[in-house]
$ cat structure_25.cif   # mmCIF, C-alpha atoms
data_target
#
loop_
_atom_site.group_PDB
_atom_site.id
_atom_site.type_symbol
_atom_site.label_atom_id
_atom_site.label_comp_id
_atom_site.auth_asym_id
_atom_site.auth_seq_id
_atom_site.Cartn_x
_atom_site.Cartn_y
_atom_site.Cartn_z
ATOM 1 C CA MET A 27 63.406 88.642 166.103
ATOM 2 C CA THR A 28 63.067 84.985 165.076
ATOM 3 C CA LEU A 29 65.489 83.271 162.721
ATOM 4 C CA LYS A 30 65.124 79.896 161.053
ATOM 5 C CA VAL A 31 68.037 77.507 161.569
ATOM 6 C CA VAL A 32 68.620 73.804 161.005
ATOM 7 C CA VAL A 33 69.207 72.018 164.304
ATOM 8 C CA PRO A 34 69.845 68.294 164.719
ATOM 9 C CA VAL A 35 67.191 66.833 167.031
ATOM 10 C CA GLU A 36 67.371 63.509 168.825
ATOM 11 C CA GLU A 37 64.879 60.897 167.633
ATOM 12 C CA ARG A 38 63.209 60.663 171.058
ATOM 13 C CA VAL A 39 62.635 64.428 171.197
ATOM 14 C CA LEU A 40 61.052 64.383 167.760
ATOM 15 C CA GLN A 41 58.904 61.394 168.764
ATOM 16 C CA ALA A 42 57.775 63.261 171.876
ATOM 17 C CA ALA A 43 56.760 66.221 169.717
ATOM 18 C CA GLU A 44 54.850 63.919 167.356
ATOM 19 C CA ARG A 45 53.087 62.155 170.260
ATOM 20 C CA ARG A 46 52.047 65.535 171.675
ATOM 21 C CA LYS A 47 50.631 66.499 168.313
ATOM 22 C CA ALA A 48 48.837 63.138 167.963
ATOM 23 C CA ALA A 49 47.387 63.491 171.476
ATOM 24 C CA GLY A 50 46.181 66.970 170.616
ATOM 25 C CA VAL A 51 48.310 68.564 173.377
ATOM 26 C CA GLY A 52 50.246 70.623 170.866
ATOM 27 C CA GLU A 53 49.633 71.263 167.226
ATOM 28 C CA ASP A 54 52.881 72.541 165.849
ATOM 29 C CA ILE A 55 56.051 70.442 166.163
ATOM 30 C CA THR A 56 58.244 73.371 165.160
ATOM 31 C CA GLN A 57 56.669 75.505 167.880
ATOM 32 C CA PHE A 58 57.306 72.766 170.461
ATOM 33 C CA LEU A 59 60.970 72.490 169.446
ATOM 34 C CA ALA A 60 61.362 76.282 169.479
ATOM 35 C CA GLU A 61 59.979 76.324 173.034
ATOM 36 C CA LEU A 62 62.489 73.657 174.071
ATOM 37 C CA ILE A 63 65.379 75.715 172.685
ATOM 38 C CA GLN A 64 64.103 78.830 174.467
ATOM 39 C CA LEU A 65 63.761 76.902 177.730
ATOM 40 C CA GLY A 66 67.326 75.604 177.306
ATOM 41 C CA PHE A 67 68.604 79.146 176.803
ATOM 42 C CA GLU A 68 66.712 80.399 179.857
ATOM 43 C CA TYR A 69 68.029 77.510 181.948
ATOM 44 C CA ARG A 70 71.625 78.220 180.879
ATOM 45 C CA LEU A 71 71.180 81.943 181.544
ATOM 46 C CA GLN A 72 69.832 81.285 185.037
ATOM 47 C CA GLN A 73 72.634 78.784 185.767
ATOM 48 C CA LEU A 74 75.303 81.265 184.719
ATOM 49 C CA TYR A 75 73.558 84.120 186.543
ATOM 50 C CA LYS A 76 73.880 82.135 189.775
ATOM 51 C CA GLN A 77 77.635 81.913 189.205
ATOM 52 C CA PHE A 78 77.773 85.619 188.351
ATOM 53 C CA GLU A 79 75.673 86.476 191.389
ATOM 54 C CA ALA A 80 78.073 84.507 193.590
ATOM 55 C CA GLY A 81 81.038 86.400 192.142
ATOM 56 C CA GLU A 82 82.533 83.301 190.526
ATOM 57 C CA ILE A 83 82.428 84.714 186.988
ATOM 58 C CA SER A 84 82.492 88.234 185.604
ATOM 59 C CA LEU A 85 79.884 89.845 183.354
ATOM 60 C CA GLY A 86 82.212 89.489 180.355
ATOM 61 C CA HIS A 87 82.880 85.822 181.061
ATOM 62 C CA PHE A 88 79.141 85.264 181.553
ATOM 63 C CA ALA A 89 78.477 86.788 178.121
ATOM 64 C CA ASN A 90 81.135 84.600 176.487
ATOM 65 C CA LYS A 91 79.737 81.446 178.058
ATOM 66 C CA LEU A 92 76.238 82.302 176.903
ATOM 67 C CA GLY A 93 77.407 83.232 173.419
ATOM 68 C CA LEU A 94 76.192 86.822 173.705
ATOM 69 C CA GLY A 95 77.978 90.134 173.507
ATOM 70 C CA VAL A 96 78.260 92.043 176.806
ATOM 71 C CA ARG A 97 75.698 94.610 175.615
ATOM 72 C CA ASP A 98 73.196 91.897 174.664
ATOM 73 C CA LEU A 99 73.672 90.212 178.028
ATOM 74 C CA TYR A 100 73.159 93.574 179.796
ATOM 75 C CA ALA A 101 69.850 93.888 177.892
ATOM 76 C CA ALA A 102 68.854 90.291 178.685
ATOM 77 C CA LEU A 103 69.439 90.849 182.424
ATOM 78 C CA GLU A 104 67.620 94.154 182.353
ATOM 79 C CA GLU A 105 64.604 92.536 180.620
ATOM 80 C CA ARG A 106 64.451 89.999 183.441
ATOM 81 C CA GLY A 107 64.733 92.656 186.132
ATOM 82 C CA LEU A 108 68.172 91.435 187.195
ATOM 83 C CA PRO A 109 70.973 93.802 188.255
ATOM 84 C CA THR A 110 74.020 93.955 185.980
ATOM 85 C CA SER A 111 76.299 94.526 188.953
ATOM 86 C CA ASN A 112 77.062 91.661 191.320
ATOM 87 C CA ILE A 113 78.372 93.771 194.193
ATOM 88 C CA GLY A 114 76.073 94.380 197.157
ATOM 89 C CA ALA A 115 73.340 92.419 198.856
ATOM 90 C CA ARG A 116 71.075 90.137 196.858
ATOM 91 C CA SER A 117 67.495 91.417 196.907
ATOM 92 C CA SER A 118 66.296 88.294 198.752
ATOM 93 C CA ILE A 119 68.902 88.924 201.466
ATOM 94 C CA ALA A 120 68.715 92.705 201.716
ATOM 95 C CA GLY A 121 67.032 93.980 204.851
ATOM 96 C CA SER A 122 66.498 90.490 206.301
ATOM 97 C CA MET B 293 90.867 116.616 185.591
ATOM 98 C CA LEU B 294 90.501 113.145 187.010
ATOM 99 C CA THR B 295 91.186 110.212 184.645
ATOM 100 C CA ALA B 296 89.457 106.840 185.011
ATOM 101 C CA VAL B 297 89.478 103.608 183.032
ATOM 102 C CA PHE B 298 85.953 102.321 182.465
ATOM 103 C CA ASP B 299 84.950 98.696 182.142
ATOM 104 C CA ALA B 300 82.020 97.848 179.801
ATOM 105 C CA GLY B 301 79.251 97.628 182.425
ATOM 106 C CA PRO B 302 79.613 101.172 183.832
ATOM 107 C CA LEU B 303 80.165 102.580 180.332
ATOM 108 C CA ILE B 304 76.864 101.097 179.155
ATOM 109 C CA THR B 305 75.112 102.429 182.263
ATOM 110 C CA VAL B 306 76.374 106.007 181.853
ATOM 111 C CA CYS B 307 75.585 106.033 178.133
ATOM 112 C CA LYS B 308 72.118 104.588 178.697
ATOM 113 C CA PHE B 309 70.632 106.555 181.579
ATOM 114 C CA LYS B 310 69.598 110.186 181.372
ATOM 115 C CA SER B 311 69.132 112.756 184.102
ATOM 116 C CA GLN B 312 67.127 115.858 183.250
ATOM 117 C CA GLY B 313 67.327 115.089 179.537
ATOM 118 C CA LYS B 314 71.099 114.668 179.448
ATOM 119 C CA LEU B 315 73.058 111.415 179.411
ATOM 120 C CA VAL B 316 74.877 110.622 182.644
ATOM 121 C CA VAL B 317 78.105 110.193 180.667
ATOM 122 C CA ASP B 318 77.998 113.865 179.689
ATOM 123 C CA TYR B 319 77.738 114.991 183.311
ATOM 124 C CA LEU B 320 80.751 112.827 184.118
ATOM 125 C CA LEU B 321 82.776 113.938 181.093
ATOM 126 C CA SER B 322 82.678 117.537 182.252
ATOM 127 C CA GLY B 323 84.708 116.532 185.291
ATOM 128 C CA CYS B 324 86.409 113.305 184.311
ATOM 129 C CA HIS B 325 88.525 111.979 181.463
ATOM 130 C CA ILE B 326 87.286 108.514 180.462
ATOM 131 C CA VAL B 327 89.685 105.989 178.952
ATOM 132 C CA ILE B 328 88.605 102.576 177.658
ATOM 133 C CA ALA B 329 90.329 99.536 176.183
ATOM 134 C CA SER B 330 89.731 98.613 172.525
ATOM 135 C CA SER B 331 87.897 95.472 173.617
ATOM 136 C CA VAL B 332 85.498 97.591 175.688
ATOM 137 C CA GLU B 333 84.877 99.804 172.656
ATOM 138 C CA GLU B 334 84.141 96.616 170.702
ATOM 139 C CA GLU B 335 81.737 95.328 173.383
ATOM 140 C CA VAL B 336 79.856 98.597 173.889
ATOM 141 C CA ALA B 337 80.071 100.721 170.730
ATOM 142 C CA VAL B 338 80.641 98.153 167.961
ATOM 143 C CA ARG B 339 78.735 95.030 169.006
ATOM 144 C CA GLY B 340 76.370 97.292 170.937
ATOM 145 C CA ALA B 341 75.767 99.625 167.989
ATOM 146 C CA GLY B 342 72.164 98.441 167.800
ATOM 147 C CA TYR B 343 71.431 100.117 171.144
ATOM 148 C CA PRO B 344 71.103 103.884 171.626
ATOM 149 C CA ASP B 345 73.791 103.771 174.335
ATOM 150 C CA GLY B 346 76.169 102.006 171.951
ATOM 151 C CA VAL B 347 75.606 104.812 169.457
ATOM 152 C CA ALA B 348 76.100 107.416 172.212
ATOM 153 C CA ALA B 349 79.383 105.781 173.236
ATOM 154 C CA GLY B 350 80.502 105.554 169.600
ATOM 155 C CA GLU B 351 79.782 109.248 169.005
ATOM 156 C CA ARG B 352 81.816 110.276 172.023
ATOM 157 C CA ILE B 353 84.674 107.993 170.996
ATOM 158 C CA ALA B 354 84.610 109.470 167.483
ATOM 159 C CA ARG B 355 84.721 112.994 168.958
ATOM 160 C CA GLY B 356 87.637 111.949 171.162
ATOM 161 C CA VAL B 357 85.918 112.806 174.430
ATOM 162 C CA ILE B 358 86.107 109.137 175.378
ATOM 163 C CA GLN B 359 89.610 107.911 174.677
ATOM 164 C CA VAL B 360 90.316 104.404 173.403
ATOM 165 C CA ALA B 361 93.775 103.225 174.389
ATOM 166 C CA PRO B 362 95.618 100.077 173.342
ATOM 167 C CA VAL B 363 96.902 97.604 175.894
ATOM 168 C CA ALA B 364 100.641 98.006 175.292
ATOM 169 C CA ALA B 365 101.864 95.235 177.581
ATOM 170 C CA ARG B 366 100.321 92.366 179.454
ATOM 171 C CA LYS B 367 102.238 92.426 182.666
ATOM 172 C CA TRP B 368 99.441 90.766 184.626
ATOM 173 C CA ALA B 369 98.508 88.021 182.143
ATOM 174 C CA ARG B 370 99.585 85.248 184.518
ATOM 175 C CA HIS B 371 98.004 86.874 187.544
ATOM 176 C CA LEU B 372 94.643 87.165 185.787
ATOM 177 C CA ALA B 373 94.717 83.933 183.780
ATOM 178 C CA ASP B 374 92.668 81.764 186.106
ATOM 179 C CA TYR B 375 89.977 84.259 187.045
ATOM 180 C CA ALA B 376 86.813 83.799 185.006
ATOM 181 C CA LEU B 377 87.084 87.298 183.491
ATOM 182 C CA GLY B 378 86.134 88.486 180.000
ATOM 183 C CA ASP B 379 88.488 90.253 177.593
ATOM 184 C CA GLY B 380 87.110 93.699 178.423
ATOM 185 C CA GLU B 381 87.681 93.267 182.141
ATOM 186 C CA ILE B 382 91.214 91.897 181.666
ATOM 187 C CA ASP B 383 92.139 94.692 179.249
ATOM 188 C CA SER B 384 90.663 97.364 181.522
ATOM 189 C CA ILE B 385 92.770 96.118 184.421
ATOM 190 C CA GLU B 386 95.929 96.003 182.291
ATOM 191 C CA LEU B 387 95.189 99.463 180.893
ATOM 192 C CA CYS B 388 94.703 100.895 184.338
ATOM 193 C CA GLY B 389 98.187 99.731 185.239
ATOM 194 C CA GLN B 390 99.871 101.341 182.257
ATOM 195 C CA VAL B 391 98.148 104.616 181.314
ATOM 196 C CA ALA B 392 99.862 107.532 183.027
ATOM 197 C CA GLY B 393 97.778 109.569 185.406
ATOM 198 C CA VAL B 394 94.903 107.135 185.789
ATOM 199 C CA GLU B 395 93.220 107.616 189.130
ATOM 200 C CA ALA B 396 91.161 104.423 189.212
ATOM 201 C CA LEU B 397 89.480 101.576 187.421
ATOM 202 C CA VAL B 398 85.693 101.911 187.326
ATOM 203 C CA THR B 399 83.928 98.556 187.364
ATOM 204 C CA ASP B 400 80.705 97.208 188.817
ATOM 205 C CA ASP B 401 81.892 93.636 188.549
ATOM 206 C CA TYR B 402 82.850 91.793 191.727
ATOM 207 C CA LEU B 403 85.551 89.594 190.213
ATOM 208 C CA ALA B 404 87.201 92.436 188.280
ATOM 209 C CA PHE B 405 87.017 94.560 191.450
ATOM 210 C CA VAL B 406 88.730 91.887 193.545
ATOM 211 C CA ALA B 407 91.374 90.982 190.952
ATOM 212 C CA ALA B 408 92.290 94.637 190.321
ATOM 213 C CA THR B 409 92.372 95.471 194.022
ATOM 214 C CA ARG B 410 94.690 92.533 194.629
ATOM 215 C CA LEU B 411 97.028 93.950 191.961
ATOM 216 C CA GLY B 412 97.237 97.152 193.960
ATOM 217 C CA LEU B 413 94.989 99.266 191.734
ATOM 218 C CA LYS B 414 92.505 101.778 193.041
ATOM 219 C CA VAL B 415 89.076 100.510 192.037
ATOM 220 C CA TRP B 416 85.739 102.301 192.199
ATOM 221 C CA MET B 417 82.236 101.281 191.412
ATOM 222 C CA LEU B 418 80.431 103.808 189.203
ATOM 223 C CA PRO B 419 78.577 105.332 192.208
ATOM 224 C CA ASP B 420 81.981 105.854 193.889
ATOM 225 C CA LEU B 421 83.161 107.862 190.880
ATOM 226 C CA VAL B 422 80.024 110.004 191.060
ATOM 227 C CA LEU B 423 80.780 110.687 194.712
ATOM 228 C CA GLU B 424 84.465 111.372 194.040
ATOM 229 C CA LEU B 425 83.576 113.940 191.371
ATOM 230 C CA THR B 426 81.323 115.629 193.892
ATOM 231 C CA GLN B 427 84.006 115.636 196.553
ATOM 232 C CA ILE B 428 86.538 117.339 194.273
ATOM 233 C CA GLY B 429 83.953 119.878 193.120
ATOM 234 C CA ASN B 430 83.553 118.560 189.547
ATOM 235 C CA LEU B 431 79.908 117.593 189.976
ATOM 236 C CA ALA B 432 77.158 119.346 191.932
ATOM 237 C CA VAL B 433 75.818 117.465 194.956
ATOM 238 C CA GLU B 434 72.222 117.817 193.715
ATOM 239 C CA MET B 435 73.140 116.366 190.320
ATOM 240 C CA ALA B 436 75.067 113.503 191.927
ATOM 241 C CA ASN B 437 71.959 112.732 193.951
ATOM 242 C CA VAL B 438 69.793 112.635 190.812
ATOM 243 C CA ILE B 439 72.347 110.454 188.977
ATOM 244 C CA LEU B 440 72.536 107.957 191.840
ATOM 245 C CA TYR B 441 68.750 107.551 191.839
ATOM 246 C CA THR B 442 68.734 107.280 188.039
ATOM 247 C CA ILE B 443 71.255 104.425 187.873
ATOM 248 C CA ARG B 444 69.861 102.659 190.937
ATOM 249 C CA PRO B 445 67.967 99.893 189.016
ATOM 250 C CA ARG B 446 71.256 98.416 187.781
ATOM 251 C CA TYR B 447 72.602 97.801 191.307
ATOM 252 C CA ARG B 448 72.034 95.347 194.096
ATOM 253 C CA ALA B 449 70.761 96.474 197.459
ATOM 254 C CA GLY B 450 73.089 98.534 199.620
ATOM 255 C CA VAL B 451 75.304 100.046 196.927
ATOM 256 C CA ILE B 452 73.354 103.185 196.062
ATOM 257 C CA GLU B 453 72.112 103.553 199.640
ATOM 258 C CA HIS B 454 75.747 103.603 200.804
ATOM 259 C CA SER B 455 76.618 106.290 198.240
ATOM 260 C CA LEU B 456 73.600 108.396 199.205
ATOM 261 C CA VAL B 457 74.720 108.412 202.844
ATOM 262 C CA ARG B 458 78.221 109.432 201.796
ATOM 263 C CA LEU B 459 76.763 112.135 199.573
ATOM 264 C CA GLN B 460 74.820 113.466 202.531
ATOM 265 C CA GLU B 461 78.115 113.634 204.437
ATOM 266 C CA VAL B 462 79.679 115.647 201.590
ATOM 267 C CA LYS B 463 76.716 118.024 201.755
ATOM 268 C CA GLU B 464 77.195 118.533 205.488
#

$ encode --input "structure_25.cif" --output "structure tokens"
Amino acid sequence: MTLKVVVPVEERVLQAAERRKAAGVGEDITQFLAELIQLGFEYRLQQLYKQFEAGEISLGHFANKLGLGVRDLYAALEERGLPTSNIGARSSIAGS
Amino acid sequence: MLTAVFDAGPLITVCKFKSQGKLVVDYLLSGCHIVIASSVEEEVAVRGAGYPDGVAAGERIARGVIQVAPVAARKWARHLADYALGDGEIDSIELCGQVAGVEALVTDDYLAFVAATRLGLKVWMLPDLVLELTQIGNLAVEMANVILYTIRPRYRAGVIEHSLVRLQEVKE
């Protein structure tokens, strides 16, 4: 689901989007800004997942920090193939 | 019948996964009384009402087979204050310390597990509860085996494998 919201954008970010459009790299400024927001969300999720993975924060705290409900976070982790439990060996460590 | 307080994570898992066409929660409910905090109900059945498992949890709460209990006192507020826990985890820990006859807290969260253990509570991961129900004869070994494989994707390496070995020991 995609919603339309008004978000303040720094001048330099908007200029970058316009330069990309002018250079023919990207056509739609709105699309470019939407991608930036999505990347920011993914970055924040991955940052917090590292803390969760290390046992520094709980699943509930993780959800609060990300601004999601616990059930939505559970779904977001599942979509990315990430366990929702942080007890046990990390897959990269297991069996090594 | 054994009584356990469930945190949000395990409650979602048991209401989401099915074994042989039946939700895992229903296998557990035949041998275990599940109690949850109001904040866990909010996280799973209210805010999670858009998911089939949220609906499943809500139906069982409405029927009274999953009990929602209020946190009457916050005797561990100071102990838990500086852990990075969510409301559901804090309330589940508090609830576990005040509902009569509760055998254990069921959580799959490391921090909640550690904090609750340090408060002297008995804490199980969901696979431990499955095993416990088998050990006391409230769940068939074969069904426990199927359930453990069903919920496996939600766990990190070692957890389900550990439970499967213990299940084998119960069998023997």

$ resolve_selection --input "structure_25.cif" --expression "the PyMOL selection byres ((chain A and resi 71) around 12)" --output "list in words"
Gln64, Leu65, Gly66, Phe67, Glu68, Tyr69, Arg70, Gln72, Gln73, Leu74, Tyr75, Lys76, Gln77, Phe78, Glu79, Leu85, Phe88, Ala89, Asn90, Lys91, Leu92, Gly93, Leu94, Leu99, Tyr100, Ala102, Leu103, Arg106 and Leu108 of chain A

$ residues_around --input "structure_25.cif" --residues "A:Ala80" --least-positions-apart "6" --cutoff "12 Å" --atoms "only C-alpha atoms" --output "MDAnalysis selection string"
(chainID A and resid 73:74 111:116) or (chainID B and resid 401:403)

$ residues_around --input "structure_25.cif" --residues "B:Val457" --least-positions-apart "4" --cutoff "12 Å" --atoms "all atoms listed in the file" --output "PDB file with C-alpha atoms, keeping the file's coordinate frame"
ATOM      1  CA  PRO B 419      78.577 105.332 192.208  1.00  0.00           C
ATOM      2  CA  ASP B 420      81.981 105.854 193.889  1.00  0.00           C
ATOM      3  CA  LEU B 423      80.780 110.687 194.712  1.00  0.00           C
ATOM      4  CA  ASN B 437      71.959 112.732 193.951  1.00  0.00           C
ATOM      5  CA  LEU B 440      72.536 107.957 191.840  1.00  0.00           C
ATOM      6  CA  GLY B 450      73.089  98.534 199.620  1.00  0.00           C
ATOM      7  CA  VAL B 451      75.304 100.046 196.927  1.00  0.00           C
ATOM      8  CA  ILE B 452      73.354 103.185 196.062  1.00  0.00           C
ATOM      9  CA  GLU B 453      72.112 103.553 199.640  1.00  0.00           C
ATOM     10  CA  GLU B 461      78.115 113.634 204.437  1.00  0.00           C
ATOM     11  CA  VAL B 462      79.679 115.647 201.590  1.00  0.00           C
ATOM     12  CA  LYS B 463      76.716 118.024 201.755  1.00  0.00           C
ATOM     13  CA  GLU B 464      77.195 118.533 205.488  1.00  0.00           C
TER      14      GLU B 464
END

$ axis_aligned_box --input "structure_25.cif" --around "stretch 77-80 of chain A" --padding-each-side "5 Å" --output "JSON"
{"center_x": 76.9, "center_y": 84.2, "center_z": 191.0, "size_x": 12.4, "size_y": 14.6, "size_z": 15.2}

$ closest_residue --input "structure_25.cif" --among "B:Leu431, B:Val357, B:Val398, B:Ala404" --to "B:Tyr375" --atoms "only C-alpha atoms"
B:Ala404

$ resolve_selection --input "structure_25.cif" --expression "the PyMOL selection byres ((chain B and resi 446) around 7)" --output "list in words"
Pro109, Thr110 and Ser111 of chain A; Ile443, Arg444, Pro445 and Tyr447 of chain B

$ closest_residue --input "structure_25.cif" --among "A:Arg38, A:Arg46, A:Lys30, A:His87" --to "chain B" --atoms "only C-alpha atoms"
A:His87

$ closest_residue --input "structure_25.cif" --among "B:Glu395, B:Leu387, B:Thr295, B:Val363" --to "B:Gly323" --atoms "all atoms listed in the file"
B:Thr295

$ interface_residues --input "structure_25.cif" --of "chain B" --to "chain A" --cutoff "10 Å" --atoms "only C-alpha atoms" --output "number ranges by chain"
B: 299-302, 304-305, 332, 334-343, 345-346, 375-382, 399-406, 417, 444-452, 454

$ atom_distance --input "structure_25.cif" --atom1 "atom CA of B:Thr409" --atom2 "atom CA of B:Ile353"
27.3 Å

$ atom_distance --input "structure_25.cif" --atom1 "atom CA of B:Ser384" --atom2 "atom CA of B:Leu294"
16.7 Å

$ closest_residue --input "structure_25.cif" --among "B:Gly412, B:Val317, B:Asp374, B:Glu434" --to "B:Glu351" --atoms "only C-alpha atoms"
B:Val317

$ atom_distance --input "structure_25.cif" --atom1 "atom CA of B:Asn430" --atom2 "atom CA of B:Leu397"
18.1 Å

$ build_atoms --input "structure_25.cif" --residues "stretch 301-322 of chain B" --atoms "N, CA and C atoms" --output "mmCIF file, in the coordinates of the input"
data_model
loop_
_atom_site.group_PDB
_atom_site.id
_atom_site.type_symbol
_atom_site.label_atom_id
_atom_site.label_comp_id
_atom_site.auth_asym_id
_atom_site.auth_seq_id
_atom_site.Cartn_x
_atom_site.Cartn_y
_atom_site.Cartn_z
ATOM 1 N N GLY B 301 80.517 97.470 181.686
ATOM 2 C CA GLY B 301 79.251 97.628 182.425
ATOM 3 C C GLY B 301 78.948 99.080 182.779
ATOM 4 N N PRO B 302 79.857 99.768 183.484
ATOM 5 C CA PRO B 302 79.613 101.172 183.832
ATOM 6 C C PRO B 302 79.496 102.073 182.607
ATOM 7 N N LEU B 303 80.251 101.748 181.545
ATOM 8 C CA LEU B 303 80.165 102.580 180.332
ATOM 9 C C LEU B 303 78.770 102.474 179.715
ATOM 10 N N ILE B 304 78.229 101.263 179.681
ATOM 11 C CA ILE B 304 76.864 101.097 179.155
ATOM 12 C C ILE B 304 75.884 101.890 180.022
ATOM 13 N N THR B 305 76.034 101.761 181.330
ATOM 14 C CA THR B 305 75.112 102.429 182.263
ATOM 15 C C THR B 305 75.128 103.952 182.067
ATOM 16 N N VAL B 306 76.330 104.535 181.965
ATOM 17 C CA VAL B 306 76.374 106.007 181.853
ATOM 18 C C VAL B 306 75.912 106.503 180.484
ATOM 19 N N CYS B 307 76.031 105.626 179.478
ATOM 20 C CA CYS B 307 75.585 106.033 178.133
ATOM 21 C C CYS B 307 74.105 105.725 177.925
ATOM 22 N N LYS B 308 73.518 105.003 178.837
ATOM 23 C CA LYS B 308 72.118 104.588 178.697
ATOM 24 C C LYS B 308 71.163 105.493 179.479
ATOM 25 N N PHE B 309 71.541 105.816 180.700
ATOM 26 C CA PHE B 309 70.632 106.555 181.579
ATOM 27 C C PHE B 309 70.783 108.067 181.412
ATOM 28 N N LYS B 310 69.628 108.726 181.484
ATOM 29 C CA LYS B 310 69.598 110.186 181.372
ATOM 30 C C LYS B 310 69.106 110.799 182.671
ATOM 31 N N SER B 311 69.648 111.957 182.992
ATOM 32 C CA SER B 311 69.132 112.756 184.102
ATOM 33 C C SER B 311 68.801 114.118 183.541
ATOM 34 N N GLN B 312 67.588 114.552 183.738
ATOM 35 C CA GLN B 312 67.127 115.858 183.250
ATOM 36 C C GLN B 312 67.456 116.047 181.767
ATOM 37 N N GLY B 313 67.180 115.010 180.985
ATOM 38 C CA GLY B 313 67.327 115.089 179.537
ATOM 39 C C GLY B 313 68.743 114.961 179.005
ATOM 40 N N LYS B 314 69.698 114.742 179.887
ATOM 41 C CA LYS B 314 71.099 114.668 179.448
ATOM 42 C C LYS B 314 71.688 113.337 179.905
ATOM 43 N N LEU B 315 72.459 112.695 179.037
ATOM 44 C CA LEU B 315 73.058 111.415 179.411
ATOM 45 C C LEU B 315 74.016 111.574 180.591
ATOM 46 N N VAL B 316 73.998 110.590 181.460
ATOM 47 C CA VAL B 316 74.877 110.622 182.644
ATOM 48 C C VAL B 316 76.337 110.776 182.220
ATOM 49 N N VAL B 317 76.702 110.114 181.116
ATOM 50 C CA VAL B 317 78.105 110.193 180.667
ATOM 51 C C VAL B 317 78.531 111.642 180.444
ATOM 52 N N ASP B 318 77.621 112.477 179.975
ATOM 53 C CA ASP B 318 77.998 113.865 179.689
ATOM 54 C C ASP B 318 78.200 114.684 180.965
ATOM 55 N N TYR B 319 77.468 114.340 182.011
ATOM 56 C CA TYR B 319 77.738 114.991 183.311
ATOM 57 C C TYR B 319 79.133 114.595 183.792
ATOM 58 N N LEU B 320 79.459 113.308 183.630
ATOM 59 C CA LEU B 320 80.751 112.827 184.118
ATOM 60 C C LEU B 320 81.913 113.394 183.299
ATOM 61 N N LEU B 321 81.695 113.474 181.975
ATOM 62 C CA LEU B 321 82.776 113.938 181.093
ATOM 63 C C LEU B 321 83.188 115.385 181.357
ATOM 64 N N SER B 322 82.286 116.148 181.966
ATOM 65 C CA SER B 322 82.678 117.537 182.252
ATOM 66 C C SER B 322 83.646 117.610 183.438
#
